[in-house]
$ cat coords-v7.csv   # CSV, C-alpha atoms and all ligand atoms
chain,number,residue,atom,x,y,z
A,1,MET,CA,4.1,22.7,-7.3
A,2,ASP,CA,3.2,21.4,-10.8
A,3,LEU,CA,1.5,18.0,-10.1
A,4,ARG,CA,1.4,17.2,-13.8
A,5,GLN,CA,5.1,17.6,-14.1
A,6,SER,CA,6.0,15.8,-10.9
A,7,LEU,CA,3.7,12.9,-11.8
A,8,GLN,CA,5.4,12.7,-15.2
A,9,ASP,CA,8.8,12.7,-13.6
A,10,ILE,CA,8.0,9.9,-11.2
A,11,ARG,CA,6.5,7.8,-14.0
A,12,ALA,CA,9.6,8.4,-16.1
A,13,ARG,CA,11.8,7.3,-13.2
A,14,ILE,CA,9.7,4.2,-12.7
A,15,ALA,CA,9.9,3.3,-16.4
A,16,THR,CA,13.7,3.7,-16.4
A,17,VAL,CA,14.1,0.8,-13.9
A,18,ALA,CA,10.9,-1.2,-14.7
A,19,HIS,CA,12.2,-2.7,-18.0
A,20,GLY,CA,8.7,-3.0,-19.4
A,21,ARG,CA,7.1,-4.5,-16.2
A,22,ALA,CA,3.9,-2.8,-15.2
A,23,ILE,CA,4.4,-1.0,-11.9
A,24,GLU,CA,1.4,0.4,-10.0
A,25,LEU,CA,2.0,3.8,-8.5
A,26,VAL,CA,0.1,4.7,-5.3
A,27,GLY,CA,0.2,8.4,-4.6
A,28,VAL,CA,0.5,8.8,-0.9
A,29,SER,CA,-1.8,11.7,-0.1
A,30,LYS,CA,-1.7,11.7,3.8
A,31,LYS,CA,-1.7,15.2,5.2
A,32,GLN,CA,-2.0,16.6,1.7
A,33,PRO,CA,-4.8,19.0,0.8
A,34,LEU,CA,-7.6,17.8,-1.5
A,35,GLU,CA,-6.6,20.3,-4.1
A,36,LYS,CA,-3.3,18.5,-4.7
A,37,MET,CA,-5.1,15.2,-5.0
A,38,GLN,CA,-7.5,16.7,-7.5
A,39,ALA,CA,-4.7,18.2,-9.5
A,40,ALA,CA,-3.0,14.8,-9.6
A,41,HIS,CA,-6.2,13.1,-10.6
A,42,VAL,CA,-6.6,15.6,-13.5
A,43,ALA,CA,-3.0,14.6,-14.5
A,44,GLY,CA,-4.0,11.0,-14.5
A,45,LEU,CA,-3.3,9.6,-11.1
A,46,ARG,CA,-6.1,7.2,-9.9
A,47,VAL,CA,-4.7,5.4,-6.9
A,48,PHE,CA,-4.4,7.2,-3.5
A,49,GLY,CA,-2.8,5.9,-0.3
A,50,GLU,CA,-3.9,7.3,3.0
A,51,ASN,CA,-2.6,6.5,6.5
A,52,TYR,CA,-5.3,7.8,8.8
A,53,VAL,CA,-8.9,6.5,8.5
A,54,GLN,CA,-10.6,9.7,9.7
A,55,GLU,CA,-8.6,11.9,7.4
A,56,ALA,CA,-9.4,9.7,4.4
A,57,LEU,CA,-13.1,9.5,5.2
A,58,GLY,CA,-13.2,13.3,5.5
A,59,LYS,CA,-11.7,13.6,2.0
A,60,MET,CA,-13.9,10.9,0.5
A,61,ALA,CA,-17.0,12.7,1.8
A,62,GLN,CA,-16.0,15.8,-0.2
A,63,TRP,CA,-14.4,14.1,-3.2
A,64,HIS,CA,-14.7,10.6,-4.4
A,65,PRO,CA,-14.8,10.2,-8.2
A,66,ALA,CA,-15.8,6.7,-9.3
A,67,ASP,CA,-12.5,6.1,-11.0
A,68,THR,CA,-10.4,6.6,-7.9
A,69,GLU,CA,-9.0,3.7,-5.8
A,70,TRP,CA,-8.3,4.3,-2.1
A,71,HIS,CA,-5.7,2.3,-0.2
A,72,LEU,CA,-5.3,2.3,3.6
A,73,ILE,CA,-1.5,2.1,4.1
A,74,GLY,CA,-1.3,3.1,7.8
A,75,PRO,CA,-1.8,0.9,10.9
A,76,LEU,CA,-5.3,-0.4,11.4
A,77,GLN,CA,-7.0,-0.4,14.9
A,78,SER,CA,-9.6,-3.0,15.3
A,79,ASN,CA,-12.3,-0.4,16.1
A,80,LYS,CA,-11.8,1.0,12.6
A,81,CYS,CA,-12.4,-2.2,10.7
A,82,LYS,CA,-16.0,-1.3,9.8
A,83,GLU,CA,-15.1,2.0,8.2
A,84,VAL,CA,-12.2,0.5,6.3
A,85,ALA,CA,-14.2,-2.5,5.0
A,86,GLN,CA,-17.0,-0.1,3.9
A,87,HIS,CA,-15.0,2.7,2.3
A,88,PHE,CA,-11.6,1.5,1.1
A,89,ASP,CA,-10.7,-0.5,-2.0
A,90,TRP,CA,-7.5,-1.9,-0.6
A,91,LEU,CA,-6.1,-2.5,2.9
A,92,GLN,CA,-2.3,-2.7,2.7
A,93,SER,CA,-1.6,-3.0,6.4
A,94,LEU,CA,-3.2,-6.2,7.6
A,95,ASP,CA,-0.9,-7.6,10.2
A,96,ARG,CA,-2.9,-9.7,12.7
A,97,ALA,CA,-5.5,-12.4,12.6
A,98,GLU,CA,-8.0,-10.7,14.9
A,99,LEU,CA,-8.8,-8.1,12.2
A,100,ILE,CA,-9.8,-10.6,9.5
A,101,PRO,CA,-13.3,-11.7,10.7
A,102,ARG,CA,-14.2,-8.0,11.5
A,103,LEU,CA,-13.2,-6.8,8.0
A,104,ALA,CA,-15.0,-9.7,6.4
A,105,ARG,CA,-18.2,-9.1,8.3
A,106,PHE,CA,-18.4,-5.5,7.4
A,107,ARG,CA,-17.6,-5.8,3.7
A,108,GLY,CA,-21.0,-6.0,2.0
A,109,ALA,CA,-21.6,-9.1,-0.1
A,110,ASP,CA,-22.8,-6.8,-2.9
A,111,ARG,CA,-19.4,-5.2,-3.2
A,112,ALA,CA,-16.2,-6.3,-4.9
A,113,PRO,CA,-14.0,-8.0,-2.3
A,114,LEU,CA,-11.7,-5.8,-0.2
A,115,ASN,CA,-8.1,-6.2,-1.6
A,116,VAL,CA,-5.7,-7.1,1.1
A,117,LEU,CA,-1.9,-7.0,1.5
A,118,LEU,CA,-0.2,-8.5,4.5
A,119,GLN,CA,2.2,-6.0,6.1
A,120,VAL,CA,5.5,-7.6,7.0
A,121,ASN,CA,8.0,-6.3,9.5
A,122,VAL,CA,10.9,-7.5,7.5
A,123,ASP,CA,13.7,-5.9,9.5
A,124,ASP,CA,12.2,-7.0,12.8
A,125,GLU,CA,12.0,-3.4,14.1
A,126,THR,CA,10.2,-3.2,17.4
A,127,SER,CA,8.8,0.3,16.6
A,128,LYS,CA,7.1,-0.9,13.4
A,129,SER,CA,3.8,-2.6,12.8
A,130,GLY,CA,3.6,-5.6,10.5
A,131,CYS,CA,3.7,-9.4,11.2
A,132,ALA,CA,6.8,-11.5,11.4
A,133,PRO,CA,8.0,-13.0,8.1
A,134,ASP,CA,7.3,-16.5,9.4
A,135,ALA,CA,3.7,-15.6,10.2
A,136,VAL,CA,2.8,-14.7,6.6
A,137,LEU,CA,1.7,-18.0,5.3
A,138,THR,CA,-0.7,-18.7,8.2
A,139,LEU,CA,-2.2,-15.2,8.0
A,140,ALA,CA,-2.5,-15.6,4.2
A,141,GLY,CA,-4.6,-18.8,4.7
A,142,GLU,CA,-7.0,-17.0,7.0
A,143,VAL,CA,-7.5,-14.1,4.6
A,144,ALA,CA,-7.9,-16.4,1.6
A,145,ARG,CA,-10.8,-18.3,3.4
A,146,GLU,CA,-12.9,-15.1,3.5
A,147,PRO,CA,-15.0,-14.6,0.3
A,148,SER,CA,-15.3,-10.9,1.0
A,149,LEU,CA,-11.6,-10.4,1.2
A,150,ARG,CA,-9.1,-10.9,-1.7
A,151,LEU,CA,-5.6,-11.7,-0.8
A,152,ARG,CA,-3.3,-9.8,-3.2
A,153,GLY,CA,0.2,-10.0,-1.7
A,154,ILE,CA,2.5,-8.3,0.8
A,155,MET,CA,3.5,-4.7,1.8
A,156,SER,CA,6.5,-3.6,3.8
A,157,ILE,CA,8.4,-0.6,4.9
A,158,PRO,CA,12.0,-1.8,5.5
A,159,ALA,CA,14.3,-0.1,8.0
A,160,PRO,CA,15.6,3.2,6.6
A,161,TRP,CA,19.2,2.0,6.2
A,162,PRO,CA,21.2,4.8,4.8
A,163,GLU,CA,23.3,2.3,2.7
A,164,HIS,CA,21.6,1.3,-0.6
A,165,ARG,CA,23.1,-2.2,-0.2
A,166,LEU,CA,21.3,-2.9,3.0
A,167,ARG,CA,18.0,-1.5,1.7
A,168,SER,CA,18.3,-3.7,-1.4
A,169,ALA,CA,19.0,-6.7,0.8
A,170,SER,CA,15.7,-6.0,2.7
A,171,PHE,CA,13.8,-5.7,-0.6
A,172,ALA,CA,15.4,-8.9,-1.8
A,173,ARG,CA,14.2,-10.7,1.3
A,174,LEU,CA,10.7,-9.5,0.7
A,175,LYS,CA,10.8,-10.6,-2.9
A,176,ARG,CA,11.8,-14.1,-1.7
A,177,LEU,CA,8.9,-14.1,0.8
A,178,PHE,CA,6.6,-13.0,-1.9
A,179,ASP,CA,7.7,-15.8,-4.2
A,180,GLU,CA,7.1,-18.3,-1.4
A,181,LEU,CA,3.6,-16.9,-0.9
A,182,ARG,CA,3.0,-17.1,-4.6
A,183,GLU,CA,3.7,-20.8,-4.6
A,184,ALA,CA,0.8,-21.4,-2.2
A,185,PHE,CA,-1.7,-18.6,-3.1
A,186,ASP,CA,-2.9,-16.6,-6.1
A,187,VAL,CA,-1.2,-13.3,-5.3
A,188,ASP,CA,0.2,-10.6,-7.7
A,189,THR,CA,1.3,-7.6,-5.6
A,190,LEU,CA,4.5,-6.8,-3.8
A,191,SER,CA,4.1,-3.2,-2.4
A,192,MET,CA,7.5,-1.8,-1.4
A,193,GLY,CA,9.5,1.4,-2.1
A,194,MET,CA,8.7,5.0,-1.2
A,195,SER,CA,10.0,8.4,-2.3
A,196,GLU,CA,13.6,7.7,-1.2
A,197,ASP,CA,14.0,4.2,-2.5
A,198,PHE,CA,11.3,3.2,-5.0
A,199,GLU,CA,13.9,2.6,-7.8
A,200,LEU,CA,15.8,0.2,-5.6
A,201,ALA,CA,12.6,-1.6,-4.7
A,202,ILE,CA,11.6,-2.0,-8.3
A,203,ALA,CA,15.0,-3.3,-9.2
A,204,GLN,CA,14.4,-6.0,-6.5
A,205,GLY,CA,10.9,-6.9,-7.8
A,206,ALA,CA,8.3,-4.5,-6.4
A,207,THR,CA,5.1,-4.5,-8.4
A,208,MET,CA,3.6,-1.5,-6.6
A,209,VAL,CA,5.3,1.6,-5.1
A,210,ARG,CA,4.0,4.1,-2.6
A,211,VAL,CA,5.2,7.6,-3.3
A,212,GLY,CA,4.3,10.6,-1.2
A,213,SER,CA,6.6,13.6,-0.8
A,214,ALA,CA,8.4,13.1,-4.1
A,215,LEU,CA,5.1,13.5,-5.9
A,216,PHE,CA,3.0,15.9,-3.7
A,217,GLY,CA,5.8,17.8,-2.0
A,218,ALA,CA,6.7,18.0,1.7
A,219,ARG,CA,3.9,17.3,4.2
B,1,LIG,C1,4.0,8.0,4.3
B,1,LIG,C2,4.1,6.7,3.7
B,1,LIG,C3,4.6,6.5,2.4
B,1,LIG,C4,5.2,7.6,1.5
B,1,LIG,O1,6.3,8.1,2.1
B,1,LIG,P1,7.2,9.2,1.2
B,1,LIG,O2,8.5,9.1,1.8
B,1,LIG,O3,6.5,10.5,1.4
B,1,LIG,O4,7.1,8.8,-0.2
B,1,LIG,C5,4.6,5.2,1.9
B,1,LIG,N1,4.1,4.1,2.6
B,1,LIG,C6,3.7,4.3,3.9
B,1,LIG,C7,3.2,3.1,4.6
B,1,LIG,C8,3.7,5.5,4.5
B,1,LIG,O5,3.2,5.7,5.7
$ encode --input "coords-v7.csv" --output "structure tokens"
Amino acid sequence: MDLRQSLQDIRARIATVAHGRAIELVGVSKKQPLEKMQAAHVAGLRVFGENYVQEALGKMAQWHPADTEWHLIGPLQSNKCKEVAQHFDWLQSLDRAELIPRLARFRGADRAPLNVLLQVNVDDETSKSGCAPDAVLTLAGEVAREPSLRLRGIMSIPAPWPEHRLRSASFARLKRLFDELREAFDVDTLSMGMSEDFELAIAQGATMVRVGSALFGAR
């Protein structure tokens, strides 16, 4: 797999639907070998998304160039807050209040704040993590109070509806929620869209997409 070519292809597909808006590409590198991440880095990718704290820390211990940015995008257990606060640049999966004081406590005052996205369970799937859409504003207020955390916006994984129309409807609901949040808080990031549907997500207003298999190949 030629990472330079696949990165170029994904960026071209993003540009086709972005109409000049800047879209942040997160390369989802869970279960991918370090060699592929390094090849993507050589090709210009700087932002990596990982799902599992232990896997990510293992990779960082071996390879952590200063210009890389690491996002935790998988569910966070409360006993991992310390590692996440100390080693990641972004947490995209904050979905409950109890994590907030723990994250804040372990983020050193000497560091830049930890960027935080609230994960929203937009299609109300029982199997999925994420807070209810009507809990977002309250949770946002609690994050915004912590100087060592920086609220940036929301993240979501809508239900994998096969019909594009239904997926677009979920993305559009998230965009409305993001706009509501933006009226009350200084946020700039709407993280939605993966390999299968990032173009649909961008068309509905995503500012950040998380692409794994389409970039790095099957896991
Ligand atoms: C695995 C994962 C992705 C990437 O999925 P692909 O279909 O491989 O692009 C994006 N976001 C989250 C939260 C994930 O867990």
$ closest_residue --input "coords-v7.csv" --among "A:Ala43, A:Ser195, A:Val26, A:Ser168" --to "Gly217 of chain A" --atoms "only C-alpha atoms"
A:Ser195
$ closest_residue --input "coords-v7.csv" --among "A:Gln38, A:Thr189, A:Ser78, A:Gln32" --to "Arg4 of chain A" --atoms "all atoms listed in the file"
A:Gln38
$ residues_around --input "coords-v7.csv" --residues "segment 131-145 of chain A" --least-positions-apart "6" --cutoff "6 Å" --atoms "only C-alpha atoms" --output "compact mmCIF listing (two decimals) with C-alpha atoms, keeping the file's coordinate frame"
# COMPACT_ATOMS: atom_id res chain seq x y z
CA ASP A 95 -0.90 -7.60 10.20
CA VAL A 120 5.50 -7.60 7.00
CA ASN A 121 8.00 -6.30 9.50
CA LEU A 151 -5.60 -11.70 -0.80
$ closest_residue --input "coords-v7.csv" --among "A:Gln62, A:Asn79, A:Ser129, A:Gln86" --to "ligand LIG 1 (chain B)" --atoms "all atoms listed in the file"
A:Ser129
$ residues_near_point --input "coords-v7.csv" --point "(-5.5, -5.3, 10.6)" --cutoff "8 Å" --atoms "only C-alpha atoms" --output "compact mmCIF listing (two decimals) with C-alpha atoms, keeping the file's coordinate frame"
# COMPACT_ATOMS: atom_id res chain seq x y z
CA PRO A 75 -1.80 0.90 10.90
CA LEU A 76 -5.30 -0.40 11.40
CA GLN A 77 -7.00 -0.40 14.90
CA SER A 78 -9.60 -3.00 15.30
CA CYS A 81 -12.40 -2.20 10.70
CA SER A 93 -1.60 -3.00 6.40
CA LEU A 94 -3.20 -6.20 7.60
CA ASP A 95 -0.90 -7.60 10.20
CA ARG A 96 -2.90 -9.70 12.70
CA ALA A 97 -5.50 -12.40 12.60
CA GLU A 98 -8.00 -10.70 14.90
CA LEU A 99 -8.80 -8.10 12.20
CA ILE A 100 -9.80 -10.60 9.50
$ closest_residue --input "coords-v7.csv" --among "A:Ile154, A:Leu200, A:Met208, A:Val28" --to "Arg182 of chain A" --atoms "all atoms listed in the file"
A:Ile154
$ atom_distance --input "coords-v7.csv" --atom1 "atom CA of Met37 of chain A" --atom2 "atom CA of Gly49 of chain A"
10.7 Å
$ residues_around --input "coords-v7.csv" --residues "Leu91 of chain A" --least-positions-apart "4" --cutoff "8 Å" --atoms "only C-alpha atoms" --output "number ranges by chain"
A: 71-73, 84, 114-117
$ residues_around --input "coords-v7.csv" --residues "Leu34 of chain A" --least-positions-apart "6" --cutoff "10 Å" --atoms "only C-alpha atoms" --output "short mmCIF file (atom, residue, chain, number, x, y, z; two decimals) with C-alpha atoms, in the coordinates of the input"
data_model
loop_
_atom_site.label_atom_id
_atom_site.label_comp_id
_atom_site.auth_asym_id
_atom_site.auth_seq_id
_atom_site.Cartn_x
_atom_site.Cartn_y
_atom_site.Cartn_z
CA ALA A 40 -3.00 14.80 -9.60
CA LYS A 59 -11.70 13.60 2.00
CA MET A 60 -13.90 10.90 0.50
CA GLN A 62 -16.00 15.80 -0.20
CA TRP A 63 -14.40 14.10 -3.20
#
$ residues_around --input "coords-v7.csv" --residues "Gly153 of chain A" --least-positions-apart "5" --cutoff "8 Å" --atoms "all atoms listed in the file" --output "list of chain:residue names"
A:Val116, A:Leu117, A:Leu118, A:Phe178, A:Leu181, A:Val187, A:Asp188, A:Thr189, A:Leu190, A:Ser191
$ residues_near_ligand --input "coords-v7.csv" --ligand "ligand LIG 1 (chain B)" --cutoff "7 Å" --atoms "only C-alpha atoms and all ligand atoms" --output "list in words"
Val28, Lys30, Asn51, Ile73, Gly74, Ile157, Met194, Ser195, Glu196, Arg210, Val211, Gly212, Ser213 and Ala214 of chain A
$ closest_residue --input "coords-v7.csv" --among "A:Asp123, A:Leu3, A:Ala172, A:Leu177" --to "Pro158 of chain A" --atoms "only C-alpha atoms"
A:Asp123
$ closest_residue --input "coords-v7.csv" --among "A:Asp67, A:Gly205, A:Arg13, A:Asp197" --to "Trp161 of chain A" --atoms "only C-alpha atoms"
A:Asp197
$ atom_distance --input "coords-v7.csv" --atom1 "atom CA of Met1 of chain A" --atom2 "atom CA of Leu45 of chain A"
15.5 Å
$ residues_around --input "coords-v7.csv" --residues "Thr16 of chain A" --least-positions-apart "3" --cutoff "12 Å" --atoms "all atoms listed in the file" --output "PDB file with C-alpha atoms, in the coordinates of the input"
ATOM      1  CA  ASP A   9       8.800  12.700 -13.600  1.00  0.00           C
ATOM      2  CA  ILE A  10       8.000   9.900 -11.200  1.00  0.00           C
ATOM      3  CA  ARG A  11       6.500   7.800 -14.000  1.00  0.00           C
ATOM      4  CA  ALA A  12       9.600   8.400 -16.100  1.00  0.00           C
ATOM      5  CA  ARG A  13      11.800   7.300 -13.200  1.00  0.00           C
ATOM      6  CA  HIS A  19      12.200  -2.700 -18.000  1.00  0.00           C
ATOM      7  CA  GLY A  20       8.700  -3.000 -19.400  1.00  0.00           C
ATOM      8  CA  ARG A  21       7.100  -4.500 -16.200  1.00  0.00           C
ATOM      9  CA  ALA A  22       3.900  -2.800 -15.200  1.00  0.00           C
ATOM     10  CA  ILE A  23       4.400  -1.000 -11.900  1.00  0.00           C
ATOM     11  CA  PHE A 198      11.300   3.200  -5.000  1.00  0.00           C
ATOM     12  CA  GLU A 199      13.900   2.600  -7.800  1.00  0.00           C
ATOM     13  CA  LEU A 200      15.800   0.200  -5.600  1.00  0.00           C
ATOM     14  CA  ILE A 202      11.600  -2.000  -8.300  1.00  0.00           C
ATOM     15  CA  ALA A 203      15.000  -3.300  -9.200  1.00  0.00           C
TER      16      ALA A 203
END
$ decode --input "coords-v7.csv" --residues "segment 124-157 of chain A" --atoms "N, CA and C atoms" --output "short mmCIF file (atom, residue, chain, number, x, y, z; two decimals), in the first residue's frame"
data_model
loop_
_atom_site.label_atom_id
_atom_site.label_comp_id
_atom_site.auth_asym_id
_atom_site.auth_seq_id
_atom_site.Cartn_x
_atom_site.Cartn_y
_atom_site.Cartn_z
N ASP A 124 -29.19 7.63 19.27
CA ASP A 124 -29.70 6.99 20.47
C ASP A 124 -29.56 5.47 20.41
N GLU A 125 -28.38 5.00 20.01
CA GLU A 125 -28.13 3.56 19.93
C GLU A 125 -27.67 3.08 21.30
N THR A 126 -28.30 2.06 21.80
CA THR A 126 -27.95 1.59 23.13
C THR A 126 -26.53 1.03 23.17
N SER A 127 -26.06 0.54 22.03
CA SER A 127 -24.74 -0.11 21.99
C SER A 127 -23.61 0.91 21.96
N LYS A 128 -23.92 2.17 21.79
CA LYS A 128 -22.85 3.12 21.53
C LYS A 128 -22.60 4.07 22.69
N SER A 129 -21.32 4.43 22.88
CA SER A 129 -21.05 5.43 23.90
C SER A 129 -21.37 6.81 23.33
N GLY A 130 -21.36 7.78 24.21
CA GLY A 130 -21.73 9.13 23.82
C GLY A 130 -22.87 9.60 24.69
N CYS A 131 -22.92 10.93 24.91
CA CYS A 131 -23.99 11.46 25.75
C CYS A 131 -25.23 11.72 24.89
N ALA A 132 -26.35 11.89 25.55
CA ALA A 132 -27.58 12.23 24.83
C ALA A 132 -27.46 13.65 24.28
N PRO A 133 -28.06 13.92 23.13
CA PRO A 133 -27.96 15.27 22.56
C PRO A 133 -28.39 16.36 23.55
N ASP A 134 -29.39 16.09 24.38
CA ASP A 134 -29.85 17.16 25.27
C ASP A 134 -28.96 17.32 26.52
N ALA A 135 -27.90 16.50 26.62
CA ALA A 135 -26.96 16.67 27.73
C ALA A 135 -25.74 17.50 27.33
N VAL A 136 -25.64 17.84 26.05
CA VAL A 136 -24.43 18.47 25.54
C VAL A 136 -24.13 19.83 26.19
N LEU A 137 -25.14 20.67 26.31
CA LEU A 137 -24.87 22.03 26.83
C LEU A 137 -24.38 22.01 28.28
N THR A 138 -24.98 21.15 29.09
CA THR A 138 -24.57 21.04 30.50
C THR A 138 -23.13 20.54 30.61
N LEU A 139 -22.85 19.48 29.84
CA LEU A 139 -21.51 18.91 29.87
C LEU A 139 -20.49 19.94 29.37
N ALA A 140 -20.86 20.66 28.35
CA ALA A 140 -19.97 21.69 27.78
C ALA A 140 -19.62 22.73 28.84
N GLY A 141 -20.60 23.12 29.63
CA GLY A 141 -20.36 24.11 30.69
C GLY A 141 -19.35 23.60 31.69
N GLU A 142 -19.43 22.31 32.00
CA GLU A 142 -18.51 21.75 32.98
C GLU A 142 -17.08 21.67 32.44
N VAL A 143 -16.94 21.36 31.16
CA VAL A 143 -15.60 21.33 30.56
C VAL A 143 -15.03 22.74 30.49
N ALA A 144 -15.88 23.68 30.08
CA ALA A 144 -15.41 25.06 29.87
C ALA A 144 -14.91 25.72 31.16
N ARG A 145 -15.36 25.23 32.30
CA ARG A 145 -14.93 25.77 33.59
C ARG A 145 -13.50 25.40 33.96
N GLU A 146 -12.98 24.35 33.33
CA GLU A 146 -11.65 23.85 33.70
C GLU A 146 -10.56 24.50 32.84
N PRO A 147 -9.63 25.25 33.46
CA PRO A 147 -8.59 25.91 32.68
C PRO A 147 -7.66 24.94 31.95
N SER A 148 -7.52 23.71 32.45
CA SER A 148 -6.59 22.79 31.78
C SER A 148 -7.26 21.99 30.66
N LEU A 149 -8.56 22.25 30.45
CA LEU A 149 -9.26 21.60 29.33
C LEU A 149 -9.73 22.70 28.39
N ARG A 150 -9.74 22.39 27.10
CA ARG A 150 -10.25 23.38 26.15
C ARG A 150 -11.36 22.74 25.30
N LEU A 151 -12.55 23.21 25.54
CA LEU A 151 -13.70 22.70 24.79
C LEU A 151 -13.60 23.14 23.33
N ARG A 152 -13.62 22.17 22.41
CA ARG A 152 -13.49 22.50 20.98
C ARG A 152 -14.75 22.20 20.18
N GLY A 153 -15.61 21.28 20.67
CA GLY A 153 -16.81 20.98 19.87
C GLY A 153 -17.37 19.61 20.15
N ILE A 154 -17.90 18.97 19.11
CA ILE A 154 -18.49 17.66 19.30
C ILE A 154 -18.00 16.63 18.27
N MET A 155 -18.11 15.38 18.68
CA MET A 155 -17.75 14.24 17.82
C MET A 155 -18.91 13.26 17.86
N SER A 156 -19.13 12.57 16.75
CA SER A 156 -20.17 11.54 16.77
C SER A 156 -19.91 10.47 15.71
N ILE A 157 -20.46 9.31 15.99
CA ILE A 157 -20.46 8.20 15.02
C ILE A 157 -21.93 7.84 14.81
#
